[in-house]
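Undergrad: I'm passing along protein.pdb; it holds PDB, C-alpha atoms.
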ATOM      1  CA  GLN A   1     -16.198   2.860  17.821
ATOM      2  CA  VAL A   2     -12.716   3.414  16.425
ATOM      3  CA  ARG A   3     -12.211   3.186  12.686
ATOM      4  CA  LEU A   4      -8.759   2.861  11.190
ATOM      5  CA  THR A   5      -7.678   3.605   7.650
ATOM      6  CA  GLU A   6      -4.219   2.822   6.315
ATOM      7  CA  SER A   7      -2.522   4.539   3.403
ATOM      8  CA  GLY A   8       0.876   4.590   1.749
ATOM      9  CA  GLY A   9       1.064   1.093   0.358
ATOM     10  CA  GLY A  10       0.232  -0.185  -3.103
ATOM     11  CA  GLY A  11       2.554  -0.374  -6.068
ATOM     12  CA  SER A  12       6.060  -1.740  -5.699
ATOM     13  CA  VAL A  13       9.298  -0.465  -4.207
ATOM     14  CA  GLN A  14      12.771  -1.777  -4.926
ATOM     15  CA  ALA A  15      14.845  -3.494  -2.284
ATOM     16  CA  GLY A  16      16.738  -0.973  -0.236
ATOM     17  CA  GLY A  17      14.076   1.631  -0.770
ATOM     18  CA  SER A  18      11.797   3.367   1.693
ATOM     19  CA  LEU A  19       8.081   3.635   2.223
ATOM     20  CA  THR A  20       5.891   5.437   4.717
ATOM     21  CA  LEU A  21       2.617   3.966   5.900
ATOM     22  CA  SER A  22       0.037   6.061   7.684
ATOM     23  CA  CYS A  23      -2.936   5.104   9.807
ATOM     24  CA  ALA A  24      -5.706   7.544  10.572
ATOM     25  CA  ALA A  25      -8.081   6.845  13.436
ATOM     26  CA  SER A  26     -11.594   8.243  13.639
ATOM     27  CA  GLY A  27     -14.098   8.057  16.419
ATOM     28  CA  TYR A  28     -13.465   8.041  20.116
ATOM     29  CA  THR A  29     -10.032   6.825  21.213
ATOM     30  CA  ALA A  30      -9.172   6.139  24.815
ATOM     31  CA  THR A  31      -6.573   8.334  26.493
ATOM     32  CA  SER A  32      -4.589   5.210  27.346
ATOM     33  CA  ASN A  33      -4.172   3.027  24.307
ATOM     34  CA  CYS A  34      -1.789   1.023  22.209
ATOM     35  CA  MET A  35      -1.504   1.256  18.458
ATOM     36  CA  ALA A  36       0.389  -1.178  16.344
ATOM     37  CA  TRP A  37       1.369  -2.256  12.882
ATOM     38  CA  PHE A  38       1.015  -5.916  12.017
ATOM     39  CA  ARG A  39       1.800  -7.657   8.767
ATOM     40  CA  GLN A  40       0.650 -10.846   7.140
ATOM     41  CA  GLY A  41       2.228 -12.573   4.187
ATOM     42  CA  PRO A  42       0.690 -15.305   2.028
ATOM     43  CA  GLY A  43       0.098 -18.409   4.101
ATOM     44  CA  THR A  44       1.443 -16.871   7.292
ATOM     45  CA  GLY A  45      -0.109 -15.578  10.476
ATOM     46  CA  ARG A  46      -0.452 -11.947  11.415
ATOM     47  CA  GLU A  47       2.730 -10.810  13.146
ATOM     48  CA  ALA A  48       3.409  -7.665  15.103
ATOM     49  CA  VAL A  49       5.923  -5.321  13.498
ATOM     50  CA  ALA A  50       5.877  -2.303  15.800
ATOM     51  CA  THR A  51       3.814  -0.928  18.644
ATOM     52  CA  ILE A  52       3.494   2.468  20.253
ATOM     53  CA  ARG A  53       1.795   3.264  23.519
ATOM     54  CA  SER A  54      -0.091   6.436  24.282
ATOM     55  CA  ASP A  55       2.882   7.502  26.419
ATOM     56  CA  GLY A  56       5.129   7.209  23.359
ATOM     57  CA  ASN A  57       6.916   4.020  24.321
ATOM     58  CA  THR A  58       7.787   1.959  21.245
ATOM     59  CA  ARG A  59       8.776  -1.615  20.556
ATOM     60  CA  TYR A  60       9.821  -3.407  17.380
ATOM     61  CA  SER A  61      10.161  -6.940  16.166
ATOM     62  CA  ASP A  62      13.775  -8.033  15.800
ATOM     63  CA  ILE A  63      13.454  -8.371  12.035
ATOM     64  CA  VAL A  64      12.563  -4.704  11.502
ATOM     65  CA  LYS A  65      14.393  -3.093  14.380
ATOM     66  CA  ASP A  66      16.798  -0.376  13.185
ATOM     67  CA  ARG A  67      14.995  -0.208   9.835
ATOM     68  CA  PHE A  68      11.437   0.758  10.764
ATOM     69  CA  THR A  69      10.239   3.623  12.942
ATOM     70  CA  ILE A  70       6.778   3.995  14.398
ATOM     71  CA  SER A  71       5.510   7.369  15.529
ATOM     72  CA  ARG A  72       2.227   8.961  16.419
ATOM     73  CA  ASP A  73       0.565  12.347  16.317
ATOM     74  CA  PRO A  74      -1.995  12.210  19.099
ATOM     75  CA  GLY A  75      -3.631  15.474  18.126
ATOM     76  CA  LYS A  76      -4.386  14.121  14.667
ATOM     77  CA  LYS A  77      -5.030  10.519  15.785
ATOM     78  CA  LYS A  78      -2.439   9.361  13.290
ATOM     79  CA  VAL A  79       0.222   6.685  13.456
ATOM     80  CA  THR A  80       3.037   6.421  10.946
ATOM     81  CA  LEU A  81       5.395   3.591  10.071
ATOM     82  CA  GLN A  82       8.556   4.735   8.331
ATOM     83  CA  MET A  83      10.168   1.777   6.599
ATOM     84  CA  ASN A  84      13.755   2.035   5.384
ATOM     85  CA  GLY A  85      16.084  -0.542   3.935
ATOM     86  CA  LEU A  86      13.171  -2.587   2.663
ATOM     87  CA  LYS A  87      13.768  -6.215   1.762
ATOM     88  CA  PRO A  88      11.704  -8.555  -0.430
ATOM     89  CA  GLU A  89      10.787 -10.512   2.698
ATOM     90  CA  ASP A  90       9.070  -7.375   4.024
ATOM     91  CA  SER A  91       6.421  -7.838   1.330
ATOM     92  CA  ALA A  92       3.077  -8.381   3.038
ATOM     93  CA  MET A  93      -0.275  -6.851   3.807
ATOM     94  CA  TYR A  94       0.247  -4.331   6.572
ATOM     95  CA  TYR A  95      -2.488  -3.621   9.104
ATOM     96  CA  CYS A  96      -2.936  -0.869  11.635
ATOM     97  CA  ALA A  97      -4.470  -1.938  14.929
ATOM     98  CA  TYR A  98      -5.763  -0.296  18.099
ATOM     99  CA  LYS A  99      -6.546  -1.445  21.603
ATOM    100  CA  VAL A 100      -7.700   0.259  24.752
ATOM    101  CA  GLY A 101      -5.189   0.343  27.570
ATOM    102  CA  GLY A 102      -1.543   1.309  27.529
ATOM    103  CA  TYR A 103      -0.149  -2.232  27.457
ATOM    104  CA  CYS A 104       1.026  -3.460  24.062
ATOM    105  CA  PRO A 105       1.068  -7.272  23.939
ATOM    106  CA  TRP A 106       3.766  -9.152  22.052
ATOM    107  CA  ASP A 107       2.878 -12.745  22.809
ATOM    108  CA  SER A 108       1.863 -15.217  20.100
ATOM    109  CA  ASN A 109      -1.811 -14.217  20.499
ATOM    110  CA  ALA A 110      -1.153 -10.475  20.468
ATOM    111  CA  ALA A 111      -3.396  -9.843  17.467
ATOM    112  CA  SER A 112      -6.428 -11.111  19.367
ATOM    113  CA  SER A 113      -5.985  -8.348  21.956
ATOM    114  CA  PHE A 114      -6.584  -5.545  19.473
ATOM    115  CA  GLY A 115     -10.185  -4.465  19.079
ATOM    116  CA  ALA A 116      -9.980  -2.359  15.934
ATOM    117  CA  TRP A 117      -8.245  -3.014  12.643
ATOM    118  CA  GLY A 118      -7.793  -1.210   9.390
ATOM    119  CA  PRO A 119      -8.509  -2.960   6.082
ATOM    120  CA  GLY A 120      -4.799  -3.248   5.332
ATOM    121  CA  THR A 121      -2.434  -1.866   2.737
ATOM    122  CA  GLN A 122      -0.194  -3.954   0.511
ATOM    123  CA  VAL A 123       3.567  -3.529   0.583
ATOM    124  CA  THR A 124       5.509  -5.161  -2.232
ATOM    125  CA  VAL A 125       9.293  -5.058  -2.356
ATOM    126  CA  SER A 126      10.989  -6.206  -5.530
ATOM    127  CA  PRO A 127      14.537  -7.653  -5.552
TER     128      PRO A 127
END
The structure given in the file should be rewritten as structure tokens.
TA:
Amino acid sequence: QVRLTESGGGGSVQAGGSLTLSCAASGYTATSNCMAWFRQGPGTGREAVATIRSDGNTRYSDIVKDRFTISRDPGKKKVTLQMNGLKPEDSAMYYCAYKVGGYCPWDSNAASSFGAWGPGTQVTVSP
């Protein structure tokens, strides 16, 4: 069973600032997998922000593209989300997610495809 733990959130960062979120995975992880960062604001659904496949292929939502960077360290089972140029609308609970298989879904039900989730870390961006 894969367990995920996020870190790096909490507190508040000013608009235009940067923040780095990390996700550490423990337990057995499949050689072919997809890891992702989702976020959920008050009263909204969980939306995909960035995904990274085990082969290193990445994809971003249009609203964070060119500002956020996802990367992974396979040897340490760690995924990082570097967030630059933060905006108040980026404020949300951010979740790390994992699924078996190298395909990273981006359809409206993408969240349901991920079998493991971290507890989340809060990101707050002040104007």
Undergrad: So which residues get picked by the PyMOL selection byres ((chain A and resi 127) around 6) here, written as JSON, numbers by chain?
TA: {"A": [15, 88, 126]}
Undergrad: Could you name the residues that touch range 112-122 of chain A at 6 Å or less, counting all atoms listed in the file, but leaving out those on the same chain fewer than 3 positions away, as a list in words?
TA: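 Returned residues: Leu4, Thr5, Gly9, Gly10, Met93, Tyr94, Tyr95, Cys96, Ala97, Tyr98, Lys99 and Asn109 of chain A.
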Undergrad: Could you give me, as a list in words, the residues within 6 Å of range 24-28 of chain A, counting only C-alpha atoms and dropping anything in the same chain fewer than 6 positions from it?
TA: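 Non-adjacent residues within range: Gln1, Val2, Arg3, Leu4, Thr5, Lys77 and Lys78 of chain A.
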Undergrad: Please expand the PyMOL selection byres ((chain A and resi 54-57) around 10) into the concrete residues it hits in this file, giving the result as a list in words.
TA: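 Those residues are Ala30, Thr31, Ser32, Asn33, Cys34, Met35, Thr51, Ile52, Arg53, Thr58, Arg59, Ile70, Ser71, Arg72, Asp73, Pro74, Val100, Gly101, Gly102, Tyr103 and Cys104 of chain A.
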Undergrad: I need the residue set behind the PyMOL selection byres ((chain A and resi 64) around 10) for this file; please write it as a list in words.
TA: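 Taken over the shown coordinates, the PyMOL selection byres ((chain A and resi 64) around 10) returns Val49, Ala50, Tyr60, Ser61, Asp62, Ile63, Lys65, Asp66, Arg67, Phe68, Thr69, Met83, Asn84, Gly85, Leu86, Lys87 and Asp90 of chain A.
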Undergrad: For the atom pair CA of Arg46 in chain A and CA of Ala110 in chain A, what is the interatomic distance in Å to one decimal place?
TA: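 Computing the Euclidean distance for CA of Arg46 in chain A and CA of Ala110 in chain A yields 9.2 Å.
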Undergrad: Could you check how far CA of Ser12 in chain A sits from CA of Ala92 in chain A, in Å to one decimal?
TA: 11.4 Å
Undergrad: Rank nothing, just name the residue among A:Thr124, A:Ser91, A:Ser108, A:Thr80 nearest to Leu21 in chain A, using all atoms listed in the file.
TA: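 Nearest candidate to Leu21 in chain A out of A:Thr124, A:Ser91, A:Ser108, A:Thr80: A:Thr80.
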Undergrad: For Phe38 in chain A, which residue out of A:Leu81, A:Gly75, A:Glu89, A:Ser7 is the nearest one, using all atoms listed in the file?
TA: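 Closest candidate: A:Leu81.
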Undergrad: Output as AutoDock Vina command-line options the centre and edge lengths (Å, one decimal) of the box along x, y and z of the file that holds every listed atom of range 72-79 of chain A after adding 6 Å on each side.
TA:
--center_x -1.4 --center_y 11.1 --center_z 16.2 --size_x 19.3 --size_y 20.8 --size_z 17.8
Undergrad: For the atom pair CA of Pro105 in chain A and CA of Gly17 in chain A, what is the interatomic distance in Å to one decimal place?
TA: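 Separating CA of Pro105 in chain A from CA of Gly17 in chain A is a distance of 29.3 Å.
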Undergrad: Under the rule that all atoms listed in the file are counted, which of A:Gln40, A:Thr29, A:Gln14, A:Ser22 is the nearest residue to Val79 in chain A?
TA: A:Ser22
Undergrad: Would you fill out range 60-75 of chain A with N, CA, C and O atoms and return it as a PDB file, keeping the file's coordinate frame?
TA:
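Saved file selection11.pdb follows:
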ATOM      1  N   TYR A  60       9.743  -2.887  18.747  1.00  0.00           N
ATOM      2  CA  TYR A  60       9.821  -3.407  17.380  1.00  0.00           C
ATOM      3  C   TYR A  60      10.152  -4.889  17.382  1.00  0.00           C
ATOM      4  O   TYR A  60      10.829  -5.391  18.295  1.00  0.00           O
ATOM      5  N   SER A  61       9.733  -5.566  16.333  1.00  0.00           N
ATOM      6  CA  SER A  61      10.161  -6.940  16.166  1.00  0.00           C
ATOM      7  C   SER A  61      11.640  -6.919  15.779  1.00  0.00           C
ATOM      8  O   SER A  61      12.135  -5.945  15.199  1.00  0.00           O
ATOM      9  N   ASP A  62      12.343  -7.978  16.076  1.00  0.00           N
ATOM     10  CA  ASP A  62      13.775  -8.033  15.800  1.00  0.00           C
ATOM     11  C   ASP A  62      14.086  -7.898  14.318  1.00  0.00           C
ATOM     12  O   ASP A  62      15.122  -7.369  13.930  1.00  0.00           O
ATOM     13  N   ILE A  63      13.170  -8.372  13.469  1.00  0.00           N
ATOM     14  CA  ILE A  63      13.454  -8.371  12.035  1.00  0.00           C
ATOM     15  C   ILE A  63      13.315  -6.995  11.396  1.00  0.00           C
ATOM     16  O   ILE A  63      13.773  -6.782  10.279  1.00  0.00           O
ATOM     17  N   VAL A  64      12.694  -6.048  12.078  1.00  0.00           N
ATOM     18  CA  VAL A  64      12.563  -4.704  11.502  1.00  0.00           C
ATOM     19  C   VAL A  64      13.267  -3.646  12.333  1.00  0.00           C
ATOM     20  O   VAL A  64      13.361  -2.490  11.920  1.00  0.00           O
ATOM     21  N   LYS A  65      13.732  -4.052  13.504  1.00  0.00           N
ATOM     22  CA  LYS A  65      14.393  -3.093  14.380  1.00  0.00           C
ATOM     23  C   LYS A  65      15.561  -2.445  13.651  1.00  0.00           C
ATOM     24  O   LYS A  65      16.289  -3.097  12.914  1.00  0.00           O
ATOM     25  N   ASP A  66      15.745  -1.171  13.829  1.00  0.00           N
ATOM     26  CA  ASP A  66      16.798  -0.376  13.185  1.00  0.00           C
ATOM     27  C   ASP A  66      16.493  -0.042  11.739  1.00  0.00           C
ATOM     28  O   ASP A  66      17.257   0.691  11.093  1.00  0.00           O
ATOM     29  N   ARG A  67      15.398  -0.560  11.204  1.00  0.00           N
ATOM     30  CA  ARG A  67      14.995  -0.208   9.835  1.00  0.00           C
ATOM     31  C   ARG A  67      13.656   0.530   9.814  1.00  0.00           C
ATOM     32  O   ARG A  67      13.440   1.402   8.968  1.00  0.00           O
ATOM     33  N   PHE A  68      12.763   0.160  10.728  1.00  0.00           N
ATOM     34  CA  PHE A  68      11.437   0.758  10.764  1.00  0.00           C
ATOM     35  C   PHE A  68      11.318   1.675  11.984  1.00  0.00           C
ATOM     36  O   PHE A  68      11.911   1.417  13.027  1.00  0.00           O
ATOM     37  N   THR A  69      10.499   2.704  11.841  1.00  0.00           N
ATOM     38  CA  THR A  69      10.239   3.623  12.942  1.00  0.00           C
ATOM     39  C   THR A  69       8.744   3.901  13.015  1.00  0.00           C
ATOM     40  O   THR A  69       8.134   4.311  12.020  1.00  0.00           O
ATOM     41  N   ILE A  70       8.179   3.689  14.184  1.00  0.00           N
ATOM     42  CA  ILE A  70       6.778   3.995  14.398  1.00  0.00           C
ATOM     43  C   ILE A  70       6.675   5.287  15.185  1.00  0.00           C
ATOM     44  O   ILE A  70       7.474   5.542  16.089  1.00  0.00           O
ATOM     45  N   SER A  71       5.720   6.114  14.822  1.00  0.00           N
ATOM     46  CA  SER A  71       5.510   7.369  15.529  1.00  0.00           C
ATOM     47  C   SER A  71       4.019   7.686  15.517  1.00  0.00           C
ATOM     48  O   SER A  71       3.261   7.105  14.752  1.00  0.00           O
ATOM     49  N   ARG A  72       3.638   8.616  16.377  1.00  0.00           N
ATOM     50  CA  ARG A  72       2.227   8.961  16.419  1.00  0.00           C
ATOM     51  C   ARG A  72       2.059  10.452  16.634  1.00  0.00           C
ATOM     52  O   ARG A  72       2.892  11.105  17.253  1.00  0.00           O
ATOM     53  N   ASP A  73       0.960  10.965  16.128  1.00  0.00           N
ATOM     54  CA  ASP A  73       0.565  12.347  16.317  1.00  0.00           C
ATOM     55  C   ASP A  73      -0.764  12.310  17.031  1.00  0.00           C
ATOM     56  O   ASP A  73      -1.814  12.197  16.385  1.00  0.00           O
ATOM     57  N   PRO A  74      -0.755  12.377  18.339  1.00  0.00           N
ATOM     58  CA  PRO A  74      -1.995  12.210  19.099  1.00  0.00           C
ATOM     59  C   PRO A  74      -3.076  13.210  18.708  1.00  0.00           C
ATOM     60  O   PRO A  74      -4.245  12.891  18.639  1.00  0.00           O
ATOM     61  N   GLY A  75      -2.654  14.451  18.456  1.00  0.00           N
ATOM     62  CA  GLY A  75      -3.631  15.474  18.126  1.00  0.00           C
ATOM     63  C   GLY A  75      -4.400  15.161  16.854  1.00  0.00           C
ATOM     64  O   GLY A  75      -5.545  15.537  16.702  1.00  0.00           O
TER      65      GLY A  75
END
